[in-house]
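Asks: Data: input.cif, mmCIF, C-alpha atoms and all ligand atoms.
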data_start
#
loop_
_atom_site.label_atom_id
_atom_site.label_comp_id
_atom_site.auth_asym_id
_atom_site.auth_seq_id
_atom_site.Cartn_x
_atom_site.Cartn_y
_atom_site.Cartn_z
CA MET A 1 83.13 76.73 92.06
CA ASP A 2 86.59 76.54 93.64
CA GLU A 3 88.96 79.31 92.67
CA VAL A 4 91.85 78.25 90.44
CA TRP A 5 95.27 78.49 92.13
CA GLN A 6 98.79 77.60 91.15
CA TYR A 7 100.28 76.70 94.53
CA GLN A 8 99.00 75.88 97.96
CA PHE A 9 100.92 76.93 101.05
CA ARG A 10 100.20 75.50 104.47
CA ILE A 11 100.52 78.25 107.03
CA ILE A 12 100.44 77.95 110.81
CA LEU A 13 99.60 80.59 113.43
CA LEU A 14 101.49 80.25 116.70
CA GLY A 15 101.64 82.18 119.94
CA ASP A 16 100.34 82.21 123.50
CA SER A 17 96.66 81.83 124.26
CA THR A 18 94.60 85.05 123.84
CA VAL A 19 97.17 86.87 121.67
CA GLY A 20 94.49 86.98 118.96
CA LYS A 21 95.38 84.26 116.42
CA SER A 22 91.77 83.22 115.72
CA SER A 23 90.64 86.85 115.57
CA LEU A 24 93.32 87.74 113.03
CA LEU A 25 92.33 84.76 110.88
CA LYS A 26 88.64 85.61 111.07
CA ARG A 27 89.35 89.15 110.02
CA PHE A 28 91.51 87.95 107.15
CA THR A 29 89.16 85.25 105.87
CA ASP A 30 85.67 86.66 106.48
CA GLY A 31 86.24 90.28 107.44
CA THR A 32 84.64 90.07 110.89
CA PHE A 33 85.77 90.77 114.47
CA SER A 34 84.21 89.75 117.76
CA GLU A 35 85.08 90.99 121.26
CA VAL A 36 84.14 87.55 122.53
CA GLN A 37 86.12 84.72 121.01
CA ASP A 38 86.24 81.18 122.42
CA PRO A 39 89.71 79.72 122.99
CA THR A 40 90.67 77.37 120.17
CA VAL A 41 90.43 73.68 121.00
CA GLY A 42 93.27 71.83 119.28
CA VAL A 43 93.47 73.14 115.72
CA ASP A 44 91.05 75.01 113.46
CA PHE A 45 91.21 75.46 109.74
CA TYR A 46 90.70 78.49 107.48
CA ALA A 47 91.49 79.15 103.81
CA ARG A 48 91.88 82.05 101.40
CA VAL A 49 93.43 82.67 98.02
CA LEU A 50 95.96 85.49 97.54
CA GLU A 51 97.45 86.74 94.31
CA VAL A 52 101.21 87.19 94.81
CA GLU A 53 101.84 88.61 91.39
CA PRO A 54 99.54 89.16 88.43
CA GLY A 55 98.05 85.84 87.43
CA CYS A 56 99.72 83.86 90.23
CA LYS A 57 97.28 82.70 92.86
CA ILE A 58 98.31 80.97 96.04
CA LYS A 59 95.82 79.09 98.12
CA LEU A 60 96.62 79.56 101.79
CA GLN A 61 95.59 76.71 104.04
CA LEU A 62 95.63 78.35 107.42
CA TRP A 63 96.02 76.31 110.59
CA ASP A 64 94.88 78.10 113.70
CA THR A 65 96.47 76.45 116.73
CA ALA A 66 95.41 76.58 120.37
CA GLY A 67 97.86 78.57 122.47
CA GLN A 68 96.95 76.65 125.61
CA GLU A 69 99.68 74.29 126.76
CA ARG A 70 97.30 71.35 127.19
CA PHE A 71 96.80 71.13 123.42
CA ARG A 72 100.52 71.23 122.60
CA SER A 73 100.80 67.57 121.58
CA ILE A 74 98.06 68.10 118.95
CA THR A 75 99.36 71.41 117.65
CA ARG A 76 102.93 70.09 117.38
CA SER A 77 101.83 67.55 114.82
CA TYR A 78 101.04 70.44 112.44
CA TYR A 79 104.48 72.07 112.51
CA ARG A 80 106.24 69.79 110.06
CA ASN A 81 103.72 70.11 107.25
CA SER A 82 103.68 73.91 107.40
CA VAL A 83 105.90 75.93 105.09
CA GLY A 84 105.61 79.06 107.19
CA GLY A 85 103.60 80.97 109.68
CA LEU A 86 102.85 83.97 111.80
CA LEU A 87 104.51 84.01 115.19
CA MET A 88 102.26 86.21 117.29
CA PHE A 89 102.38 88.08 120.55
CA ASP A 90 100.04 90.64 122.09
CA VAL A 91 101.65 94.10 122.42
CA THR A 92 99.72 94.56 125.71
CA ASN A 93 100.98 91.28 127.16
CA ARG A 94 104.72 91.23 127.90
CA ARG A 95 104.73 87.56 128.79
CA SER A 96 103.47 86.62 125.32
CA TYR A 97 106.37 88.63 123.86
CA GLU A 98 108.93 86.98 126.09
CA ASN A 99 107.65 83.57 125.00
CA ILE A 100 108.34 84.22 121.31
CA LYS A 101 111.85 82.75 121.49
CA GLU A 102 110.43 79.62 123.12
CA TRP A 103 107.86 79.23 120.34
CA LEU A 104 110.56 79.52 117.72
CA LYS A 105 112.79 77.00 119.50
CA GLU A 106 109.90 74.60 119.90
CA VAL A 107 109.02 74.72 116.18
CA ASN A 108 112.59 74.49 114.98
CA ARG A 109 113.18 71.49 117.20
CA HIS A 110 110.30 69.66 115.54
CA VAL A 111 110.85 70.60 111.91
CA TYR A 112 114.66 70.27 111.83
CA PRO A 113 116.41 69.98 109.38
CA GLN A 114 113.61 71.62 107.43
CA ARG A 115 113.07 75.35 107.86
CA THR A 116 109.81 77.18 108.47
CA ILE A 117 109.46 80.80 107.35
CA PHE A 118 107.95 83.07 109.98
CA VAL A 119 106.85 86.67 110.22
CA LEU A 120 106.76 88.13 113.72
CA VAL A 121 103.45 89.86 114.52
CA GLY A 122 102.75 92.23 117.40
CA HIS A 123 98.95 92.11 117.66
CA LYS A 124 96.25 94.36 119.23
CA SER A 125 97.98 97.52 118.05
CA ASP A 126 94.70 99.41 118.60
CA LEU A 127 95.27 99.24 122.39
CA THR A 128 97.85 102.03 122.42
CA ASP A 129 97.37 102.98 126.09
CA ASP A 130 97.93 99.43 127.34
CA ARG A 131 101.15 98.67 125.51
CA GLU A 132 103.77 96.65 127.35
CA VAL A 133 106.05 96.16 124.34
CA SER A 134 107.25 99.00 122.15
CA ARG A 135 107.55 98.74 118.41
CA GLU A 136 111.30 99.50 118.63
CA GLU A 137 111.91 96.67 121.06
CA ALA A 138 109.98 94.19 118.94
CA GLU A 139 111.80 95.31 115.80
CA LYS A 140 115.10 94.61 117.54
CA LEU A 141 113.98 91.13 118.48
CA ALA A 142 112.81 90.49 114.92
CA ASP A 143 116.23 91.60 113.65
CA THR A 144 118.00 89.26 116.05
CA LEU A 145 115.82 86.38 114.94
CA GLY A 146 116.09 87.27 111.26
CA LEU A 147 112.35 87.80 110.87
CA ASN A 148 110.17 90.51 109.36
CA TYR A 149 108.00 92.38 111.86
CA LEU A 150 104.51 93.85 111.55
CA GLU A 151 101.96 95.24 113.99
CA THR A 152 98.34 94.28 113.43
CA SER A 153 94.88 94.81 114.82
CA ALA A 154 91.94 92.58 114.01
CA LYS A 155 89.69 95.07 115.78
CA SER A 156 90.61 98.11 113.72
CA ASN A 157 91.55 96.01 110.69
CA SER A 158 95.08 97.36 110.61
CA ASN A 159 97.81 95.56 108.64
CA VAL A 160 95.85 92.29 108.56
CA GLU A 161 96.06 91.83 104.81
CA GLU A 162 99.69 93.05 104.85
CA ALA A 163 100.79 90.40 107.35
CA PHE A 164 99.57 87.54 105.17
CA VAL A 165 100.78 89.17 101.97
CA LYS A 166 104.26 89.64 103.50
CA LEU A 167 104.45 86.03 104.67
CA THR A 168 103.15 84.64 101.38
CA ALA A 169 105.62 86.77 99.40
CA CYS A 170 108.55 85.59 101.58
CA ILE A 171 107.61 81.96 101.04
CA TYR A 172 107.06 82.49 97.34
CA GLU A 173 110.46 84.15 96.93
CA SER A 174 112.15 81.32 98.83
CA MET A 175 110.43 78.83 96.59
CA LYS A 176 111.53 80.67 93.46
CA GLY A 177 115.06 80.86 94.86
CA GLY A 178 115.08 77.09 95.32
CA GLU A 179 115.37 77.24 99.12
CA ILE A 180 112.07 75.41 99.43
CA ALA A 181 111.71 72.21 97.49
CA LEU A 182 108.37 70.54 96.78
CA GLU A 183 108.76 67.05 98.12
CA ASP A 184 106.59 63.96 98.01
CA GLY A 185 105.15 63.23 101.41
CA TRP A 186 105.45 66.83 102.56
CA ASP A 187 102.34 69.02 102.46
CA GLY A 188 103.91 72.43 103.13
CA VAL A 189 103.70 73.40 99.45
CA LYS A 190 101.53 71.73 96.84
CA ARG A 191 101.24 72.39 93.17
CA GLY A 192 97.82 73.31 91.89
CA PHE A 193 96.38 73.78 88.48
CA ASN A 194 98.70 75.00 85.73
CA PRO A 195 101.63 76.05 87.90
CA ARG A 196 104.24 78.40 86.69
CA ALA A 197 107.08 76.48 85.28
CA LEU A 198 109.60 77.11 88.02
CA ASP A 199 110.78 73.89 86.50
CA ARG A 200 109.27 74.62 83.12
CA GLY A 201 112.04 72.81 81.33
CA LYS A 202 111.39 69.62 83.26
CA GLU A 203 107.66 69.49 82.76
CA GLY A 204 107.64 71.23 79.41
CA LYS A 205 104.45 73.00 80.45
CA GLN A 206 103.61 76.42 79.18
CA SER A 207 101.58 78.30 81.69
CA ASP A 208 99.17 81.04 80.77
CA CYS A 209 99.71 82.51 84.20
CA ASN A 210 102.62 84.72 84.93
CA CYS A 211 103.89 83.05 88.07
P1 LIG B 301 93.74 80.72 121.80
O1 LIG B 301 92.78 80.15 120.82
O2 LIG B 301 93.38 80.38 123.22
O3 LIG B 301 95.16 80.35 121.51
O4 LIG B 301 93.65 82.36 121.71
P2 LIG B 301 93.80 83.25 120.40
O5 LIG B 301 95.22 83.61 120.21
O6 LIG B 301 93.12 82.61 119.24
O7 LIG B 301 93.02 84.61 120.78
P3 LIG B 301 91.57 85.06 120.32
O8 LIG B 301 91.52 85.36 118.86
O9 LIG B 301 90.60 84.07 120.85
O10 LIG B 301 91.43 86.48 121.05
C1 LIG B 301 91.49 86.63 122.46
C2 LIG B 301 90.80 87.91 122.86
O11 LIG B 301 91.48 89.04 122.30
C3 LIG B 301 89.34 88.02 122.37
O12 LIG B 301 88.57 88.60 123.40
C4 LIG B 301 89.41 88.95 121.19
O13 LIG B 301 88.23 89.69 120.98
C5 LIG B 301 90.58 89.87 121.60
N1 LIG B 301 91.27 90.43 120.42
C6 LIG B 301 91.74 89.74 119.36
N2 LIG B 301 92.31 90.56 118.46
C7 LIG B 301 92.20 91.80 118.96
C8 LIG B 301 92.62 93.10 118.51
O14 LIG B 301 93.20 93.29 117.44
N3 LIG B 301 92.36 94.17 119.36
C9 LIG B 301 91.73 94.01 120.54
N4 LIG B 301 91.52 95.11 121.28
N5 LIG B 301 91.33 92.82 121.00
C10 LIG B 301 91.55 91.72 120.23
MG MG B 302 92.24 80.79 119.01
#
As structure tokens - that is how I would like this structure written.
Ligand code: GTP
Ligand code: MG
Replies:
Amino acid sequence: MDEVWQYQFRIILLGDSTVGKSSLLKRFTDGTFSEVQDPTVGVDFYARVLEVEPGCKIKLQLWDTAGQERFRSITRSYYRNSVGGLLMFDVTNRRSYENIKEWLKEVNRHVYPQRTIFVLVGHKSDLTDDREVSREEAEKLADTLGLNYLETSAKSNSNVEEAFVKLTACIYESMKGGEIALEDGWDGVKRGFNPRALDRGKEGKQSDCNC
């Protein structure tokens, strides 16, 4: 039976090819890691439910995009209906780090005037000897861009859960603060079963969940 959830967030993973987007999602959704991972063709789909606060479950619809340029016209069509995402680079690949600003520009251009909430992720943190980007440098970039920053490894299962929890919490807080509005015709956030009455007055619903 499907798990009961109060809201659904559509999340997108972006970043250059081979930074580890599919691997991070596999680790997060089924707990596995493979040294050999085929490049994503177009877009893939994963899902998992997270509890953001006691009794408040969020279903994450996770869109795994292909980093390869030739799929860009397909992946672009997923930007607008995403409420947020992980913007990823590989800490052992300087080029992927330098491209982060381009990824952000590209998304913002397509979702404007809407806003997408991102967390910056430096991935493959297990490869300490091969680093080309230091944590300090990436933290500075995150500050400049106004993003949270985390370092993850799908291989050693480091910070994987935390990255998605952080992103989900940021989106949830923005929603509670009224910065994100649920709109007809936009699939970034959907209401599920028995949502918390963020607009309790309007719907007159009493929720038995605490969110
Ligand atoms: P595209 O689908 O082409 O955009 O690539 P991607 O970003 O999905 O990368 P993918 O998950 O396919 O990973 C690329 C390679 O990096 C694979 O060989 C993975 O096994 C490896 N990899 C992914 N995550 C990690 C990690 O945390 N540590 C290490 N050491 N290798 C990783
Ligand atoms: Mg992939």
Asks: Return as a count of residues only the residues of protein, DNA or RNA that approach ligand LIG 301 (chain B) to within 8 Å, with all atoms listed in the file taken into account.
Replies: 36
Asks: Provide the atom CA of Tyr97 of chain A to atom CA of Tyr78 of chain A distance in Å, to one decimal place.
Replies: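 Here the two named atoms are 22.1 Å from each other.
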Asks: Under the rule of at most 9 Å, produce a per-residue listing of segment 9-111 of chain A near segment 130-140 of chain A: chain, number, name, the closest pair of atoms, and the distance in Å, as a Markdown table, using all atoms listed in the file.
Replies:
| residue | atom | partner | partner_atom | distance |
| --- | --- | --- | --- | --- |
| A:Asp90 | CA | A:Val133 | CA | 8.5 |
| A:Val91 | CA | A:Val133 | CA | 5.2 |
| A:Thr92 | CA | A:Arg131 | CA | 4.4 |
| A:Asn93 | CA | A:Glu132 | CA | 6.1 |
| A:Arg94 | CA | A:Glu132 | CA | 5.5 |
| A:Tyr97 | CA | A:Val133 | CA | 7.6 |
Asks: Keeping C-alpha atoms for every residue in the selection just given, could you write it to a file as a tab-separated table (two decimals), in the coordinates of the input?
Replies:
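Below is the file that was written, result-v2.tsv:
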chain	number	residue	atom	x	y	z
A	90	ASP	CA	100.04	90.64	122.09
A	91	VAL	CA	101.65	94.10	122.42
A	92	THR	CA	99.72	94.56	125.71
A	93	ASN	CA	100.98	91.28	127.16
A	94	ARG	CA	104.72	91.23	127.90
A	97	TYR	CA	106.37	88.63	123.86
Asks: With only C-alpha atoms and all ligand atoms as the atoms that count, which of A:Gln114, A:Thr75, A:Gln61, A:Gln6 lies nearest to ligand MG 302 (chain B)?
Replies: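 Of the candidates, the smallest distance to ligand MG 302 (chain B) is held by A:Thr75.
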Asks: Out of A:Leu50, A:Ile11, A:Met88, A:Ile180, which residue has the shortest atom-to-atom distance to ligand MG 302 (chain B) when counting all atoms listed in the file?
Replies: A:Met88
Asks: Which residue gives the smallest distance to ligand MG 302 (chain B) among A:Val121, A:Val49, A:Leu25, A:Ala169, with all atoms listed in the file counted?
Replies: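 Ranked by minimum distance to ligand MG 302 (chain B), first place goes to A:Leu25.
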Asks: With distances taken over only C-alpha atoms, which of A:Ile171, A:Ala163, A:Leu141, A:Ile117 is nearest to Asn99 of chain A?
Replies: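 Between A:Ile171, A:Ala163, A:Leu141, A:Ile117, the residue approaching Asn99 of chain A most closely is A:Leu141.
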Asks: Pick from A:Glu98, A:Glu161, A:Asp30, A:Asp44: nearest to ligand MG 302 (chain B), with only C-alpha atoms and all ligand atoms counted?
Replies: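 Closest to ligand MG 302 (chain B), using only C-alpha atoms and all ligand atoms: A:Asp44.
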Asks: So which one's closest to ligand MG 302 (chain B), A:Val43, A:Val160, A:Leu167, A:Leu87? Using all atoms listed in the file, please.
Replies: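 Nearest to ligand MG 302 (chain B): A:Val43.
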Asks: Report, in Å with one decimal, the straight-line distance from atom CA of Asn148 of chain A to atom CA of Lys101 of chain A.
Replies: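 Taking atom CA of Asn148 of chain A and atom CA of Lys101 of chain A, their separation equals 14.5 Å.
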Asks: In Å, how far is it from atom CA of Tyr46 of chain A to atom CA of Leu60 of chain A?
Replies: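 Spanning atom CA of Tyr46 of chain A to atom CA of Leu60 of chain A is a straight-line distance of 8.3 Å.
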Asks: Pick out the residues sitting within 10 Å of Glu162 of chain A, and hand them over as a ChimeraX atom specification; count all atoms listed in the file, and ignore anything fewer than 2 positions along from it in its own chain.
Replies: /A:28,150-152,158-160,164-168
Asks: How big is the axis-aligned box around the listed atoms of segment 66-75 of chain A once 3 Å is added on each side, and where is its centre? Give both in Å to one decimal, as AutoDock Vina command-line options.
Replies:
--center_x 98.1 --center_y 73.1 --center_z 122.4 --size_x 11.4 --size_y 17.0 --size_z 15.5
